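Containing TSV, C-alpha atoms: entry-v4.tsv.
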```
chain	number	residue	atom	x	y	z
A	251	MET	CA	82.58	158.70	129.09
A	252	SER	CA	85.55	156.33	129.28
A	253	SER	CA	88.49	156.93	127.03
A	254	VAL	CA	90.12	154.22	124.88
A	255	PRO	CA	93.93	154.00	124.91
A	256	LEU	CA	95.40	155.15	121.63
A	257	ASP	CA	97.76	152.15	121.40
A	258	THR	CA	94.78	149.78	121.18
A	259	LEU	CA	93.28	151.41	118.08
A	260	GLU	CA	93.83	149.60	114.75
A	261	PRO	CA	94.43	151.59	111.55
A	262	PRO	CA	91.89	151.07	108.75
A	263	GLY	CA	92.57	147.92	106.71
A	264	ALA	CA	94.94	146.42	109.27
A	265	ARG	CA	94.83	142.65	109.88
A	266	PRO	CA	93.27	141.68	113.23
A	267	ARG	CA	95.63	140.58	115.93
A	268	ALA	CA	95.69	136.93	117.00
A	269	ALA	CA	93.53	136.16	119.98
A	270	GLY	CA	95.12	135.03	123.20
A	271	PRO	CA	97.50	136.38	125.82
A	272	VAL	CA	100.40	138.57	124.73
A	273	ARG	CA	103.80	138.06	126.24
A	274	THR	CA	104.92	141.25	127.93
A	275	ASP	CA	107.56	139.79	130.23
A	276	PRO	CA	110.65	138.59	128.34
A	277	ALA	CA	111.70	136.59	131.38
A	278	ALA	CA	108.53	134.45	131.39
A	279	PRO	CA	109.21	130.71	130.83
A	280	VAL	CA	108.50	129.29	127.38
A	281	VAL	CA	106.63	125.97	127.27
A	282	VAL	CA	108.28	123.59	124.79
A	283	PRO	CA	106.43	120.34	123.90
A	284	ALA	CA	108.27	117.18	124.89
A	285	ARG	CA	110.00	115.33	122.08
A	286	SER	CA	108.36	111.99	121.29
A	287	THR	CA	111.67	110.17	120.84
A	288	GLY	CA	110.22	106.81	121.81
A	289	GLN	CA	107.47	106.98	119.19
A	290	TRP	CA	109.87	107.84	116.39
A	291	THR	CA	112.27	105.13	117.49
A	292	ALA	CA	109.46	102.56	117.45
A	293	ALA	CA	108.37	103.75	113.99
A	294	VAL	CA	111.92	103.37	112.63
A	295	VAL	CA	112.23	99.88	114.13
A	296	VAL	CA	108.88	98.82	112.60
A	297	LEU	CA	109.86	100.16	109.17
A	298	VAL	CA	113.22	98.36	109.32
A	299	LEU	CA	111.55	95.07	110.26
A	300	LEU	CA	108.97	95.47	107.48
A	301	GLY	CA	111.74	96.21	104.98
A	302	LEU	CA	113.73	93.17	106.06
A	303	GLY	CA	110.63	90.99	105.80
A	304	LEU	CA	109.83	92.30	102.33
A	305	VAL	CA	113.39	91.77	101.13
A	306	SER	CA	113.41	88.21	102.47
A	307	VAL	CA	110.15	87.42	100.66
A	308	VAL	CA	111.30	88.91	97.36
A	309	ARG	CA	114.78	87.37	97.40
A	310	ASN	CA	113.80	83.94	98.76
A	311	ASP	CA	114.00	81.51	95.83
A	312	ALA	CA	111.66	79.09	97.62
A	313	PHE	CA	108.71	81.36	96.79
A	314	GLN	CA	109.36	80.71	93.07
A	315	TRP	CA	108.01	84.01	91.82
A	316	ASP	CA	108.55	82.95	88.22
A	317	VAL	CA	106.07	80.11	88.76
A	318	VAL	CA	103.63	82.54	90.41
A	319	ALA	CA	103.84	84.82	87.38
A	320	ARG	CA	103.32	81.88	85.00
A	321	TYR	CA	100.15	80.61	86.67
A	322	PHE	CA	98.69	83.92	87.86
A	323	THR	CA	96.70	84.43	84.65
A	324	SER	CA	96.47	80.84	83.51
A	325	ALA	CA	93.16	79.65	82.09
A	326	SER	CA	92.36	77.22	84.93
A	327	VAL	CA	93.05	79.82	87.62
A	328	LEU	CA	90.93	82.45	85.86
A	329	ARG	CA	88.05	79.96	85.51
A	330	GLY	CA	88.28	79.27	89.23
A	331	LEU	CA	88.33	83.00	89.95
A	332	GLY	CA	85.25	83.51	87.79
A	333	LEU	CA	83.37	80.78	89.67
A	334	THR	CA	84.43	82.30	93.00
A	335	LEU	CA	83.09	85.72	91.98
A	336	TRP	CA	79.87	84.19	90.67
A	337	LEU	CA	79.35	82.23	93.89
A	338	THR	CA	79.98	85.35	95.97
A	339	ALA	CA	77.46	87.42	94.02
A	340	ALA	CA	74.79	84.71	93.99
A	341	VAL	CA	75.14	83.94	97.69
A	342	MET	CA	75.03	87.61	98.71
A	343	VAL	CA	71.94	88.38	96.63
A	344	LEU	CA	70.04	85.26	97.70
A	345	GLY	CA	71.29	85.48	101.28
A	346	PHE	CA	70.18	89.09	101.75
A	347	ALA	CA	66.84	88.41	100.05
A	348	LEU	CA	66.12	85.58	102.48
A	349	GLY	CA	67.70	87.51	105.36
A	350	THR	CA	65.46	90.53	104.74
A	351	LEU	CA	62.40	88.27	104.83
A	352	LEU	CA	63.59	86.73	108.08
A	353	ALA	CA	64.19	90.18	109.57
A	354	VAL	CA	60.67	91.28	108.64
A	355	LEU	CA	59.28	88.12	110.26
A	356	ARG	CA	61.36	88.76	113.39
A	357	LEU	CA	59.99	92.30	113.66
A	358	SER	CA	56.38	91.29	113.03
A	359	ALA	CA	53.67	91.27	115.71
A	360	ASN	CA	52.93	87.58	115.09
A	361	PRO	CA	54.64	85.47	117.80
A	362	VAL	CA	54.74	82.37	115.58
A	363	LEU	CA	56.58	84.19	112.79
A	364	ARG	CA	58.96	85.73	115.30
A	365	ALA	CA	59.70	82.32	116.78
A	366	VAL	CA	60.31	80.73	113.37
A	367	SER	CA	62.69	83.52	112.37
A	368	TRP	CA	64.54	83.36	115.68
A	369	GLY	CA	64.84	79.57	115.43
A	370	TYR	CA	66.28	79.78	111.90
A	371	VAL	CA	68.89	82.34	112.91
A	372	TRP	CA	69.76	80.39	116.05
A	373	PHE	CA	70.22	77.08	114.21
A	374	PHE	CA	72.28	78.27	111.25
A	375	ARG	CA	74.51	80.50	113.38
A	376	SER	CA	75.12	77.60	115.76
A	377	THR	CA	76.22	75.12	113.08
A	378	PRO	CA	79.65	75.36	111.38
A	379	ILE	CA	79.43	76.11	107.67
A	380	LEU	CA	81.60	73.09	106.85
A	381	VAL	CA	79.13	70.80	108.60
A	382	GLN	CA	76.25	72.40	106.69
A	383	LEU	CA	77.98	71.93	103.33
A	384	LEU	CA	78.81	68.29	104.04
A	385	PHE	CA	75.24	67.67	105.15
A	386	TRP	CA	73.79	69.11	101.94
A	387	PHE	CA	76.39	67.26	99.90
A	388	ASN	CA	75.15	63.97	101.41
A	389	ILE	CA	71.44	64.83	101.39
A	390	GLY	CA	70.89	62.00	98.91
A	391	MET	CA	71.32	59.53	101.77
A	392	LEU	CA	68.16	60.92	103.37
A	393	TYR	CA	66.17	61.69	100.22
A	394	PRO	CA	67.37	59.58	97.28
A	395	ARG	CA	64.78	61.14	94.97
A	396	ILE	CA	63.17	64.59	94.94
A	397	LEU	CA	60.15	65.20	92.67
A	398	GLY	CA	60.90	61.93	90.93
A	399	VAL	CA	64.47	62.96	90.07
A	400	SER	CA	67.60	61.48	91.57
A	401	THR	CA	68.97	63.79	94.25
A	402	VAL	CA	72.53	63.24	93.02
A	403	ASP	CA	71.55	64.43	89.54
A	404	LEU	CA	69.46	67.32	90.88
A	405	LEU	CA	71.97	68.71	93.38
A	406	GLY	CA	75.45	68.88	91.93
A	407	PRO	CA	78.43	70.32	93.84
A	408	VAL	CA	77.81	73.90	92.65
A	409	ALA	CA	74.10	73.77	93.58
A	410	VAL	CA	75.01	72.36	96.99
A	411	ALA	CA	77.52	75.17	97.48
A	412	VAL	CA	74.94	77.84	96.61
A	413	ILE	CA	72.29	76.32	98.90
A	414	GLY	CA	74.62	75.78	101.84
A	415	LEU	CA	76.30	79.18	101.67
A	416	THR	CA	73.01	81.02	101.08
A	417	LEU	CA	71.25	79.45	104.07
A	418	HIS	CA	74.27	80.22	106.23
A	419	GLU	CA	74.62	83.83	105.09
A	420	ALA	CA	70.87	84.50	105.41
A	421	ALA	CA	71.07	83.98	109.18
A	422	TYR	CA	73.69	86.72	109.51
A	423	ALA	CA	72.02	88.97	106.94
A	424	ALA	CA	68.78	88.78	108.93
A	425	GLU	CA	70.50	90.20	112.00
A	426	VAL	CA	72.22	92.90	109.95
A	427	VAL	CA	68.92	94.04	108.41
A	428	ARG	CA	67.09	93.82	111.72
A	429	GLY	CA	69.72	95.94	113.44
A	430	GLY	CA	69.54	98.51	110.66
A	431	VAL	CA	65.74	98.74	110.89
A	432	LEU	CA	65.87	99.11	114.67
A	433	SER	CA	68.36	101.97	114.30
A	434	VAL	CA	65.75	104.15	112.55
A	435	ASP	CA	64.16	106.74	114.82
A	436	ARG	CA	60.69	105.66	115.89
A	437	GLY	CA	59.44	109.20	115.25
A	438	GLN	CA	60.09	108.75	111.53
A	439	ILE	CA	57.77	105.73	111.43
A	440	GLU	CA	55.10	107.51	113.43
A	441	ALA	CA	55.28	110.51	111.09
A	442	ALA	CA	54.82	108.19	108.09
A	443	GLN	CA	51.84	106.59	109.79
A	444	ALA	CA	50.35	110.03	110.40
A	445	LEU	CA	50.66	110.73	106.66
A	446	GLY	CA	48.64	107.62	105.93
A	447	LEU	CA	51.41	105.59	104.30
A	448	GLY	CA	50.85	101.84	104.24
A	449	ARG	CA	53.21	99.40	105.93
A	450	ARG	CA	54.94	98.42	102.68
A	451	ARG	CA	55.49	102.02	101.58
A	452	ARG	CA	56.70	102.97	105.05
A	453	PHE	CA	59.29	100.22	104.89
A	454	THR	CA	60.50	100.90	101.33
A	455	ARG	CA	60.30	104.72	101.36
A	456	ILE	CA	61.08	105.67	104.96
A	457	VAL	CA	62.65	102.88	106.97
A	458	LEU	CA	64.93	101.09	104.50
A	459	PRO	CA	66.70	104.19	103.06
A	460	GLN	CA	67.59	105.36	106.57
A	461	ALA	CA	68.48	101.88	107.75
A	462	MET	CA	71.00	101.51	104.92
A	463	ARG	CA	73.45	103.72	106.85
A	464	SER	CA	73.63	101.00	109.48
A	465	ILE	CA	73.28	98.07	107.07
A	466	VAL	CA	75.99	98.92	104.54
A	467	PRO	CA	79.13	98.64	106.76
A	468	PRO	CA	78.40	95.12	108.10
A	469	ALA	CA	77.01	94.09	104.71
A	470	GLY	CA	80.31	95.13	103.10
A	471	ASN	CA	82.21	93.09	105.66
A	472	MET	CA	79.91	90.14	104.94
A	473	LEU	CA	80.62	90.49	101.22
A	474	ILE	CA	84.37	90.30	101.76
A	475	GLY	CA	83.92	87.45	104.24
A	476	THR	CA	81.73	85.56	101.76
A	477	LEU	CA	84.33	85.98	99.02
A	478	LYS	CA	86.98	84.41	101.22
A	479	GLY	CA	84.52	81.90	102.68
A	480	THR	CA	83.76	80.43	99.27
A	481	SER	CA	87.16	78.73	99.47
A	482	ILE	CA	85.55	76.18	101.79
A	483	VAL	CA	83.57	74.73	98.87
A	484	SER	CA	86.81	73.11	97.71
A	485	VAL	CA	86.05	70.30	100.18
A	486	ILE	CA	83.09	69.24	97.99
A	487	ALA	CA	85.11	69.45	94.76
A	488	VAL	CA	83.72	72.75	93.50
A	489	GLN	CA	86.38	74.18	91.20
A	490	ASP	CA	86.65	77.63	92.71
A	491	LEU	CA	89.87	79.65	92.87
A	492	LEU	CA	91.46	77.60	95.66
A	493	TYR	CA	90.45	74.22	94.24
A	494	SER	CA	91.80	75.22	90.81
A	495	THR	CA	95.22	76.00	92.28
A	496	GLN	CA	95.11	72.77	94.28
A	497	LEU	CA	94.53	70.77	91.10
A	498	VAL	CA	97.65	72.34	89.62
A	499	TYR	CA	99.98	71.78	92.56
A	500	HIS	CA	98.75	68.21	93.01
A	501	ARG	CA	100.11	67.66	89.52
A	502	THR	CA	103.26	69.78	89.67
A	503	TYR	CA	104.04	69.66	93.44
A	504	GLU	CA	104.64	73.44	93.37
A	505	VAL	CA	102.55	74.03	96.49
A	506	ILE	CA	103.87	77.37	97.75
A	507	PRO	CA	103.77	79.34	94.47
A	508	LEU	CA	100.27	78.08	93.65
A	509	LEU	CA	99.02	79.03	97.11
A	510	LEU	CA	100.59	82.45	96.53
A	511	VAL	CA	98.62	82.74	93.27
A	512	ALA	CA	95.36	82.15	95.16
A	513	THR	CA	96.43	84.52	97.94
A	514	LEU	CA	97.29	87.36	95.57
A	515	TRP	CA	93.97	87.04	93.74
A	516	TYR	CA	92.03	87.08	97.03
A	517	VAL	CA	93.98	90.15	98.18
A	518	ALA	CA	93.37	91.95	94.88
A	519	VAL	CA	89.62	91.29	94.79
A	520	THR	CA	89.04	92.09	98.48
A	521	SER	CA	90.97	95.35	98.04
A	522	VAL	CA	88.69	96.38	95.17
A	523	LEU	CA	85.62	95.44	97.22
A	524	GLY	CA	86.97	97.43	100.16
A	525	VAL	CA	87.30	100.56	98.00
A	526	GLY	CA	83.76	100.06	96.70
A	527	GLN	CA	82.46	99.63	100.24
A	528	HIS	CA	84.10	102.91	101.26
A	529	TYR	CA	82.31	104.89	98.55
A	530	VAL	CA	78.96	103.18	99.18
A	531	GLU	CA	79.22	103.98	102.88
A	532	LYS	CA	80.14	107.57	102.01
A	533	ARG	CA	77.07	107.87	99.79
A	534	TYR	CA	74.63	106.67	102.45
A	535	ALA	CA	76.31	108.75	105.16
A	536	ARG	CA	75.72	112.04	103.33
A	537	GLY	CA	74.21	114.67	105.60
A	538	THR	CA	75.24	112.91	108.81
A	539	GLY	CA	78.80	114.20	109.04
A	540	ALA	CA	80.11	110.62	109.13
A	541	GLY	CA	80.84	110.24	105.42
A	542	ARG	CA	84.06	112.21	105.25
```

Is it possible to express this structure as structure tokens?
Amino acid sequence: MSSVPLDTLEPPGARPRAAGPVRTDPAAPVVVPARSTGQWTAAVVVLVLLGLGLVSVVRNDAFQWDVVARYFTSASVLRGLGLTLWLTAAVMVLGFALGTLLAVLRLSANPVLRAVSWGYVWFFRSTPILVQLLFWFNIGMLYPRILGVSTVDLLGPVAVAVIGLTLHEAAYAAEVVRGGVLSVDRGQIEAAQALGLGRRRRFTRIVLPQAMRSIVPPAGNMLIGTLKGTSIVSVIAVQDLLYSTQLVYHRTYEVIPLLLVATLWYVAVTSVLGVGQHYVEKRYARGTGAGR
């Protein structure tokens, strides 16, 4: 029977010793981590430059911050902001509805449906959104009357903006949804088939909830991109946020402060959407370890 040295025994209730080697030789070298002087110097330089830039922006009279404050909550700007938010919501809902249908067609076993879906995505992703909007804005040259009604009366600037942006966003939404569906483990679908679930119930109950983990991050980015992208409708005289500020500075010639008004509103709204996206992603990432 081997004996245990008395100096290794711990008294009752004593705290356990820290694991790892114990220094017994006082002459042994001590390893000291290197000082990251360069990193701290770079950080100080960056902070100084940011501070100087901020001071120059605040103290530069050319920015006319008093004019920015006067027009920031003006009625015309708020009406333009409301239309921008409405366009964003309508385009995202309609775009993802059409995009989901296109994704389902792309994943179907029918080669004709797959080809149609692929062709749609290919065409609308290959054409600039500005070209699409201008085409729809001038559709009356090709079809002067639709269902017996004048095309000009039927498709106003706002309707053209909704149609053009929706068709454009649907092409990207289709790829987002398709990628999310393909990310679901095939074994989950086979297990649902073994339980006798129909195709529709498999998609809504099994596939889509799991695919949302992959769909939500790019969908959130699309939402923010769509919000900013609605500014392009100003070229067809839709009175969104940007066009509303342009109407003001065309009258007052205060270009910079009015552009700052539009910029600050875009920054504020995208920041709120970014916070919302974070919590939605966190919700769908529960149980995966990626939602912290």

Option closest in space to Glu419 in chain A, from A:Leu477, A:Ala512, A:Leu297, A:Val457 [counting all atoms listed in the file]: A:Leu477

Distance query Thr513 in chain A at most 12 Å, all atoms listed in the file, self and fewer than 6 positions along chain excluded, as a PyMOL selection string: chain A and resi 318+322+327+331+478+481+491-492+495+506-507+519-520

Long-range neighbours of range 365-382 of chain A as JSON, numbers by chain, 8 Å cut-off, all atoms listed in the file, 5 positions minimum in chain: {"A": [352, 353, 355, 356, 414, 415, 417, 418, 421, 422, 424, 482]}

Radius query 12 Å about (101.6, 82.1, 98.0), atoms used: only C-alpha atoms, as number ranges by chain: A: 307-308, 312-315, 317-319, 321-322, 492, 495-496, 499, 504-517

Taking every listed atom of range 286-292 of chain A and adding 8 Å to each side, what centre and edge lengths in Å (one decimal) does the axis-aligned box have, as lines of an AutoDock Vina configuration file?
```
center_x = 109.9
center_y = 107.3
center_z = 119.1
size_x = 20.8
size_y = 25.4
size_z = 21.4
```

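One finds CA of Ala518 in chain A at 19.2 Å from CA of Met342 in chain A.
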
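Remark: for Leu348 in chain A, the closest of the candidate residues A:Gly446, A:Ala423, A:Tyr503, A:Pro468 is A:Ala423 (distances computed over all atoms listed in the file).
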
Residues near Arg449 in chain A, cut-off 12 Å, only C-alpha atoms, skip fewer than 5 positions along chain, as a ChimeraX atom specification: /A:354,358,439-440,442-444,454-458

So that I can see what lies close to Ile389 in chain A, please list as an mmCIF file with C-alpha atoms, in the frame of the given file the residues with an atom at most 9 Å from it, counting all atoms listed in the file and leaving out residues fewer than 5 positions away in the same chain.
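File written: around-v5.cif
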```
data_model
loop_
_atom_site.group_PDB
_atom_site.id
_atom_site.type_symbol
_atom_site.label_atom_id
_atom_site.label_comp_id
_atom_site.auth_asym_id
_atom_site.auth_seq_id
_atom_site.Cartn_x
_atom_site.Cartn_y
_atom_site.Cartn_z
ATOM 1 C CA LEU A 384 78.810 68.290 104.040
ATOM 2 C CA PRO A 394 67.370 59.580 97.280
ATOM 3 C CA THR A 401 68.970 63.790 94.250
ATOM 4 C CA VAL A 402 72.530 63.240 93.020
ATOM 5 C CA LEU A 405 71.970 68.710 93.380
#
```

Top pick for closest residue to Gly349 in chain A, considering A:Thr416, A:Gln460, A:Asn471, A:Ser494 and counting all atoms listed in the file: A:Thr416
